[in-house]
Structures are given as structure tokens and as C-alpha cells.
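Worksheet for the structure shown next.
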Amino acid sequence: MNQKKIDFAKKLIGRKFDESCSEELLQSILNGTHSLKENKRAGGCAGNAERVLPDNEMVIPSVCFSCNSTCEVLIYKDKNTGKIIRVEGDPDSPQTKGRLCSKGLAAKELVYSPKRLLKPLKRVGERGEGKWKEISWEEALDITAGKLIEYKEKYGPEGLALLEGTRRGWSRVYTRMVNLFHAPNHGAAGWAQCLWPRLLDCNLTYGGAQYGETFDFPNTHCVLAWGVNPATCWGVRAGDIMDAKERGAVLIAVDPYFSETAAKADIWLQIRPDTDMALALGFLHIVISENLIDEKFIREWTYGYEEVKAHVKEYTPEWAAGITGVPADKIRKAARVYAKAQAACVIRGAALDEIHDSVQVCRATSILAAITGNIGKKGGNIITSSRGDISQNSHDFIYSAQIPEEIKKLRIGYDRYPLLTQEISPVPSAHMPSLWETVLTGEPYPIKCAMIFGSNAMVSYTNSDKIKEAISKLDFLAVCDLFMTPTGEQADIVFPASSWLERNNVISSFQSSNSYTLIEQKAETIGESKHDVDIIIGLAKRLGLEKYFWEDSDRYYDYLLSPTGYTFEEAAKQRRLFKPITYHAYEKNGFKTSTGKLELYSKLAEHYHCDPIPTYTPSFQSFESTPELAEKYPLIMTASRHESAFRHSENRHQPHLLELVPKPYLYINPDTAGKLGIADGAKIKIESTAGQAYAFARYTEGLREELVQGTIGWPGEYNVNKTVPWGQYAQGVGTVCCRGYLCRVEPVNEQVY
């Protein structure tokens, strides 16, 4: 078959070809005789060739961005009305294989919700009064840009707080604008709390290569799932793990709760929250003392092994058992199974990001992977392939160096939390609790103007009562979101953002796929809502930064794809761009550390005055470290349970998802509840040193008696983040400990709604 026919076949099926496709198979696609069933047997290199639709339907292939899993989907539309009929997982996706969680399946409700913001709004009453006037986009952008310029001139660029939420394809464009505007106090609620500690580990240990966050599940023999329950927060990986188990891989789960992942595990280590460092050091002690190491890899590719070996000598399994609550024999068994596997990988989650020694715990798991030789090998922790598109996740892209040094040093937390605020950070940003304290106190300088994109700060930030108080002190606040949130209610200007179904996107991330860049295509336009990228471009032009941006979001995606030779439109026809994984990639150029090796002893951590080797420190609050406090607050709280129906504070306007999780629950052991006089389903009050919140008791045998687990993202009195205390933070990065602080729980004599 000639190249012209091959190219035509590619366009016909609208996706990237696997080069292993046979000529016979390609010809069958052109002839219309190839079936989806045959395609699966052939290894999935074609698709959609024989998809028969009703006359009134059309289908748009796209990517769900309800969370960072970014599953490939098919969006079905009515040709006559132009309305979305349904969203389904794409069975021909090599990435997700048709899987799609409840958020994706219910996405139609997200688009057509009667509560959607459809026009820009200007506050006309008192703050929080709920009185608004619809205005034009020109006016909304002019007012906001004018206020940013006004307050920058009045208080200096440090007097602005330009904040954002979780990644949705626009985040780094926002950061780019902030840095070019020389505003140092930029950041998000979640960066020191979610992913950043893991990425900082990658910078400190591997010199930036993201081995800690990429897993070769299709070829692994053992999965160590540490502080992560992909079934509720990372559907792609949950499926990958189950596929690995079906092939015979062993699954080890580290989790205080009998989660969906723990329920499928061969070994479940029911750890006490915030004691992960003790468990990790116990693992390292066993692996090293029993010589379950890869001597060749250690000798040729690591720095600091002898120092680590001496350091962990006293961290025995018995010692770890006394702190973690996991029996010593079980720790030994799990460590041996992991270390002896032909190939093993560690997958980590937000639980490690949200404890008192976040970065250091992540470092300990990377050291475990390294000394067992599971870095870069087939079936181990690997790095993604490079598909050729321009990365948004670089300091060059976000113009980090554009902020003058004297301004950078004004960033809140600059000296105290260098791993977050200085150049080692994936995105150098302010320390959020300290920033909000600055808004409240005016020290060391006033912050009176803020803009928040894609974050419901009053619900998503810890110590939420403090956030509410701080926001009330602002002179001006602009918010960009899909719905009127509690944060939006406090704003002066509200921008209506589009959902993922209403925008194009280029998605290239280790969180999405090891070997594919995915193309998201818009399927609908609702009201006057706009893509965040287009809103940011509109603001950038008014701030005098137009030369650094693009005409619109479509030109932006053309720019990202330009090195590949594709325009966005051309890439969309391909569906995805592919490049295979390269194993042992470090053998070519080493590691980008000061030693050129994987640093078990981190010289960079030492440079930033942080522990070069992970060291055990007790929890900020615990029965042992704060016994007097424990008398008043006798339970251990972990405040970050994710429900699969929701994404942080999102999705609570969608009826079908609320059917799945109708209430904010507090998971509690029945024996504990019985002693406290709490019935299953009863309304309860949670109280800590920070404040109080309410929830509804949900009995579970899956927690120890001394533990309770809250669910995040609910507004008002049910916001469990109200109970998360400030004052002590993780070394170097400033993480707030959300998992493992003390609380008390009591019944509320009030009618349950």
C-alpha cells in the first residue's frame, strides 16, 4: 500500500496509527470490512471504522478533563438541536480502553446545569449580598485589568495576590501572565498540599526527571500503592493496576482506611496517619540489612548510599511498628515482596503530600525504588516519552526569570519555605497560609487586591474560617469559575468560565499518559462563557503583555504543537500523538543533579537547608507528641477523603453525582461511634484546635477505633477544612498537615436533612 493510502486511512479513522498495523488491516479499513472486534484482536491500532450511529446523531472524539486522569471519550450530539446527548468512554482508546468514571458520564449535567454562570457579573450590592449586574466582557476585563494596574502602582507588585486552582490546561498560561506582570505572590491552595512535594522529590533526587510519578504498570510484577486510592481519584491508574493484578502482579497498599485499593491488595498495611516516614525507613532498613539491593545500579548511578545505609541502621521494623501500628512481620513481608520482585513500581498519592514531612517522605519512597534497581527499568518507575510538543511545565514557558530578584525576595515565605518559593519549585509561588495571614494583618506589607481563577478558595483552602476573614479584608476581588461559589459570592467581578466540553485543549502530562499527547475537542458553546486561556489573553493584552501571548486559544494550541509539524486541527484528526517509552533513559545523559547521579543523599536539599537524608520526626499533633492536647482531642483526624463522584469542591451541582454521595460523611468505626453515642447517619460535630465543622456519621469497620476520616469539598458548616490547623508546616515546602491531627467528635441533636 502506498503512503497516500496509509495517510488516507489515518484520516478516515481519525487517530494515530500504531506502526505495527499490517497492510492487510489497513486495506480492510479502507474497504470498510474491518470491525471493532477485529481491531481489538489486532492490538487496537485502528478504531471507529465501523461505528454506526442513528441518523440524527453525530460523535465528537475528545478527552474528559473532569480530573487529571483525562480519559478519552466520545461525545454524542443531536444533529438537529446541536445539544449533547451523552458522553461515553472511548472503547478504542489505548490509554483508557473505554473506562470512564461517574464524573465523565454525568458531564452533560455540568454543561447544561441551570446554575451555570453565563455572563460576566459586577457586584452592585454589599459584598456577599448577592446583588449583581450583568456586564459585557469588555467591561469586565477592563475593570479587572485596571484594578490590577492601580493596586500594583499603589502598593507595588507584591501587593497583589494572583491565585489559581487545579490543572485544567490553562494553569501555566495564567502563571506566565502573573510572572510577566512581576507579581510575586502567586500560587494555589493545593501546590504545597498536592503533587508539589512529589515533584520536589523528583527535583531533589532525580534532577527533575519524574521517575517518582510515572509507572510501567503493563510490565510490572509488583505495585506498591502508597497513600493513594486510584479508584476514587485516578481512574486510569486504577484500571492499570487491576490489569496488572490480572496478569499476576502483587499489589501492596499502604492506607489507614480499607479503601477500594486496599480491598484488592495482596498485602494491606493499615498505617496510622502521618507516620509514613517511620514505615518507609523500616522498609529501607530491611532492604539494606538483608542485602535486597541492586548493587550495580547503586554503584554506577547513585550518590550517598553509604550515608543512607548508616542512617537507617537503627530504624528497625519493630521500631516502625510501634509508631505506625503496622505489625513488624507485616512490614518485613511487604518490604521483601517489593524488593525481590523482578520489577516493581511505587505509585504515590496526595496522602504523602499532605502530611507533616511531605517532601521527605516522598524522598524516602524514591530511595527505596532506587536501591532496589527499579528506576528506569521495564516494569519499574520510568519517565514518559517526549512527543515533541512544547511543554508548558517549564520555567522558560512561565517566564519565571522575568520577575526581578528584589521582587522575588518579597514573595511571602521566600526564606522560610525555599522549596516552594524559589527556583527549585516547579512553579515558584507564595506560601498560602502565610499569604492569607499577611492579608489579615498587613504585615510585612498590605495585600488588598486579588484575582482567583478556578479555585473555590473559601472551601478548598485549609483553616477555611481564616480564609473567609481574609477575603473580607480585600478591597477588590475578581473570580473566574463555572458556578457561583462561596468565593465568587465575595467577588467584585465574576468571569464565567467554560467547561471541558466547551473548549479545545492539548494534554501532554505524566498524569494522563506515559506515551500519548491527547487532543481535546470542544463540542458545545454555552452562553457567553469563555475558555480560561482566552480570558487570560484578554487580561494580558490590557496589562501591556500582548507580545508574549497569542491571538486566541486556538493559536496557542497551534504554538504548542508546532514542533510536531501538526496544527491543532490536524492533530485533532489524529486524536493523539504517540512516542514509545525509552527504558534506562538515564544511561545516555545521567541525572541532572550536581553529581550527575541519582542522589540518595541530596546535595540540593542540603543547599536549601533541608535534611539531605529523610529523617523521622514526630507528628505536630499526636497522642505521643502532644499528650495534653490529646486529652481534649482524643481522636486522630484525616480530612482528605476523596469521593469518586467529585473533584475537590466541584460537581455538587450535578443531580446524578449527588445521588451517589448525597451528604458530607465522616467515616467512623462503629465501636468508636457507640462509645460516643453516635448513630449511623446521625449529624455530628467535629472540633479541633482550628475550628469546627459538621458531617454525617458513616459507619465503617475499615478504620481503627482511634481514627476518623472526613470528606472534603462541601461548603458552609460542612466544610471539613475548617478543622485543619495552621502554625506548623513541612520542612522547606510549608505543607499544612491535613492527615493526622487531633480532633473530637460528638453527636448533634438536630434533625437530619
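Here's how to read the names in the C-alpha cells: chain A, B, ... by the order shown, residue numbers from 1 in each chain, ligand numbers from 1 in the order shown.
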
Quick one: residues within 12 Å of range 553-563 of chain A, only C-alpha atoms counted, chain neighbours fewer than 2 positions away excluded, as a compact mmCIF listing (two decimals) with C-alpha atoms, in the first residue's frame?
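Saved file around04.txt follows:
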```txt
# COMPACT_ATOMS: atom_id res chain seq x y z
CA GLY A 169 -4.86 23.13 30.67
CA TRP A 170 -4.79 26.87 31.35
CA VAL A 173 -0.73 30.40 30.86
CA SER A 386 8.67 13.04 24.57
CA ARG A 387 6.05 13.52 21.88
CA GLY A 388 7.65 16.71 20.58
CA ASP A 389 5.09 19.28 21.65
CA ILE A 390 6.16 22.34 23.67
CA SER A 391 5.94 21.73 27.40
CA GLN A 392 4.00 24.23 29.48
CA ASN A 393 5.69 22.86 32.60
CA PHE A 397 7.38 28.81 29.42
CA ARG A 503 -13.09 24.08 24.75
CA ASN A 504 -10.15 22.67 22.85
CA ASN A 505 -7.01 21.54 24.61
CA VAL A 506 -3.67 19.80 24.13
CA ILE A 507 -2.98 17.46 27.04
CA SER A 508 0.55 16.19 27.50
CA THR A 517 -0.31 13.54 23.88
CA LEU A 518 -4.11 13.77 23.80
CA ILE A 519 -6.30 16.18 21.85
CA GLU A 520 -9.45 17.54 23.49
CA GLN A 521 -12.10 18.97 21.14
CA LYS A 522 -14.94 21.29 22.07
CA LYS A 530 -15.12 31.62 27.74
CA HIS A 531 -12.08 29.37 27.80
CA ASP A 532 -9.79 30.46 30.66
CA VAL A 533 -6.93 30.80 28.17
CA ASP A 534 -8.92 33.37 26.18
CA ILE A 535 -9.81 35.26 29.37
CA ILE A 536 -6.15 35.32 30.40
CA ILE A 537 -5.12 36.52 26.92
CA GLY A 538 -7.73 39.28 27.19
CA TYR A 548 4.12 37.34 24.98
CA PHE A 549 0.76 35.78 24.15
CA TRP A 550 -1.28 34.58 21.20
CA GLU A 551 -4.26 35.86 19.29
CA GLY A 565 4.53 19.62 12.36
CA TYR A 566 0.81 19.49 13.16
CA THR A 567 -1.66 22.31 13.58
CA PHE A 568 -4.32 21.75 16.24
CA GLU A 569 -6.87 20.92 13.55
CA GLU A 570 -4.56 18.32 12.01
CA ALA A 571 -3.69 16.81 15.40
CA ALA A 572 -7.38 16.58 16.28
CA ARG A 576 -3.39 11.59 19.79
CA LEU A 577 0.36 11.81 19.21
```

Name the residues of range 49-272 of chain A that fall into strand (DSSP E or B) according to DSSP on the backbone, using the chain letters and numbers of this document, as a PyMOL selection string. chain A and resi 57-63+72-78+84-89+116+121-123+132-134+160-164+186-188+215+222-226+250-254+267-269

Filtering to C-alpha atoms, could you give me those residues as a short mmCIF file (atom, residue, chain, number, x, y, z; two decimals), in the first residue's frame?
```cif
data_model
loop_
_atom_site.label_atom_id
_atom_site.label_comp_id
_atom_site.auth_asym_id
_atom_site.auth_seq_id
_atom_site.Cartn_x
_atom_site.Cartn_y
_atom_site.Cartn_z
CA GLU A 57 -26.59 11.66 15.90
CA MET A 58 -23.01 12.70 15.38
CA VAL A 59 -19.97 11.92 17.51
CA ILE A 60 -17.04 14.11 18.53
CA PRO A 61 -13.97 12.33 19.92
CA SER A 62 -12.47 14.24 22.83
CA VAL A 63 -10.88 13.98 26.27
CA GLU A 72 -10.62 9.68 26.12
CA VAL A 73 -14.32 9.98 25.38
CA LEU A 74 -16.92 10.06 22.64
CA ILE A 75 -19.38 12.96 22.84
CA TYR A 76 -22.69 12.22 21.12
CA LYS A 77 -24.67 15.18 19.80
CA ASP A 78 -28.08 15.66 18.22
CA ILE A 84 -25.07 16.89 23.73
CA ILE A 85 -26.98 13.65 24.18
CA ARG A 86 -24.47 11.67 26.21
CA VAL A 87 -20.78 11.16 26.95
CA GLU A 88 -19.19 7.72 26.89
CA GLY A 89 -15.71 6.29 27.31
CA ARG A 116 -24.05 27.80 35.29
CA LEU A 121 -21.09 39.87 36.58
CA LYS A 122 -20.34 43.03 38.53
CA ARG A 123 -21.22 43.37 42.20
CA TRP A 132 -25.17 41.52 40.63
CA LYS A 133 -25.35 43.29 37.31
CA GLU A 134 -24.61 41.55 34.02
CA LEU A 160 -1.40 41.65 44.56
CA ALA A 161 -2.49 38.06 45.25
CA LEU A 162 -2.98 36.26 41.92
CA LEU A 163 -4.17 32.75 42.75
CA GLU A 164 -5.45 29.67 40.97
CA HIS A 186 1.12 33.80 43.05
CA GLY A 187 0.05 30.29 43.97
CA ALA A 188 -2.67 27.77 44.67
CA PHE A 215 4.79 3.80 36.39
CA CYS A 222 4.65 -5.63 41.94
CA VAL A 223 2.72 -2.43 42.64
CA LEU A 224 3.31 -0.55 45.88
CA ALA A 225 0.38 1.88 46.20
CA TRP A 226 1.40 4.28 48.94
CA VAL A 250 1.35 -8.39 43.52
CA LEU A 251 -0.42 -5.34 44.98
CA ILE A 252 0.73 -3.81 48.27
CA ALA A 253 -1.41 -0.97 49.67
CA VAL A 254 -0.39 1.50 52.39
CA ILE A 267 -0.82 -7.05 51.43
CA TRP A 268 -2.59 -4.18 53.21
CA LEU A 269 -0.51 -2.09 55.62
#
```

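Taking only C-alpha atoms into account, Arg411 in chain A lies nearest to A:His431 out of the set A:His221, A:Lys296, A:His431, A:Lys333.
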
Excluding same-chain residues fewer than 5 positions from Glu717 in chain A, what lies within 9 Å of it counting only C-alpha atoms, as number ranges by chain? A: 692-695, 722

Find the residues around Gly710 in chain A up to 6 Å (only C-alpha atoms counted), leave out those fewer than 4 positions away in its own chain, and share them as a PDB file with N, CA and C atoms, in the first residue's frame.
```
ATOM      1  N   ALA A 639      -8.428  14.483  57.000  1.00  0.00           N
ATOM      2  CA  ALA A 639      -9.510  15.325  56.475  1.00  0.00           C
ATOM      3  C   ALA A 639      -9.609  15.352  54.964  1.00  0.00           C
ATOM      4  N   ARG A 641     -10.585  12.697  52.505  1.00  0.00           N
ATOM      5  CA  ARG A 641     -11.202  11.615  51.742  1.00  0.00           C
ATOM      6  C   ARG A 641     -11.771  12.162  50.432  1.00  0.00           C
ATOM      7  N   LEU A 666     -18.554  11.653  57.655  1.00  0.00           N
ATOM      8  CA  LEU A 666     -17.384  11.390  58.474  1.00  0.00           C
ATOM      9  C   LEU A 666     -17.356   9.893  58.713  1.00  0.00           C
TER      10      LEU A 666
END
```

Report the distance between CA of Ile581 in chain A and CA of Ile375 in chain A in Å, rounded to one decimal place. 13.4 Å

Contacts of Tyr665 in chain A at 10 Å (only C-alpha atoms; same-chain gap of 4+ positions) as JSON, numbers by chain: {"A": [641, 661, 681, 682, 683, 684, 694, 695, 696, 697, 698, 699, 709, 710, 711, 712, 714, 718, 720]}

Within 12 Å of Ile398 in chain A, counting only C-alpha atoms, which residues show up once you throw out same-chain ones fewer than 4 positions away? Write them as a count of residues only, please. 26

Identify which of the residues A:Pro114, A:Gly322, A:Gly488, A:Pro317 lies closest to His285 in chain A, counting only C-alpha atoms when measuring atom-to-atom distances. A:Pro317

Polymer residues at most 10 Å from Ser460 in chain A, only C-alpha atoms, same-chain spacing of 4 or more positions, as a list in words: Gly165, Ala188, Ala189, Gly190, Ser455, Asn456, Ser464, Ile467, Thr487, His648, Ser649, Glu650, Ile712, Gly713, Trp714, Pro715, Asn719, Val720, Asn721 and Lys722 of chain A

With C-alpha atoms retained, write the just-selected residues as a compact mmCIF listing (two decimals), in the first residue's frame.
```txt
# COMPACT_ATOMS: atom_id res chain seq x y z
CA GLY A 165 -6.75 26.14 41.34
CA ALA A 188 -2.67 27.77 44.67
CA ALA A 189 -4.23 26.14 47.71
CA GLY A 190 -3.05 22.75 46.57
CA SER A 455 -10.40 27.81 42.84
CA ASN A 456 -13.18 27.92 45.40
CA SER A 464 -11.20 27.97 55.99
CA ILE A 467 -9.73 32.46 54.53
CA THR A 487 -15.69 32.51 46.95
CA HIS A 648 -12.24 18.61 45.27
CA SER A 649 -15.14 21.10 45.70
CA GLU A 650 -16.52 20.55 42.19
CA ILE A 712 -13.52 17.34 51.50
CA GLY A 713 -15.21 19.91 49.27
CA TRP A 714 -18.53 20.59 50.98
CA PRO A 715 -19.45 24.24 51.60
CA ASN A 719 -16.52 22.21 55.18
CA VAL A 720 -14.11 19.89 56.99
CA ASN A 721 -11.21 22.16 56.04
CA LYS A 722 -12.40 24.46 58.82
```

Take CA of Gln210 in chain A and CA of Leu501 in chain A and report the distance between them in Å, one decimal. 29.5 Å

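Residue nearest Tyr257 in chain A, chosen from A:Leu477, A:Leu539, A:Ala351, A:Ile323 and counting only C-alpha atoms: A:Ala351.
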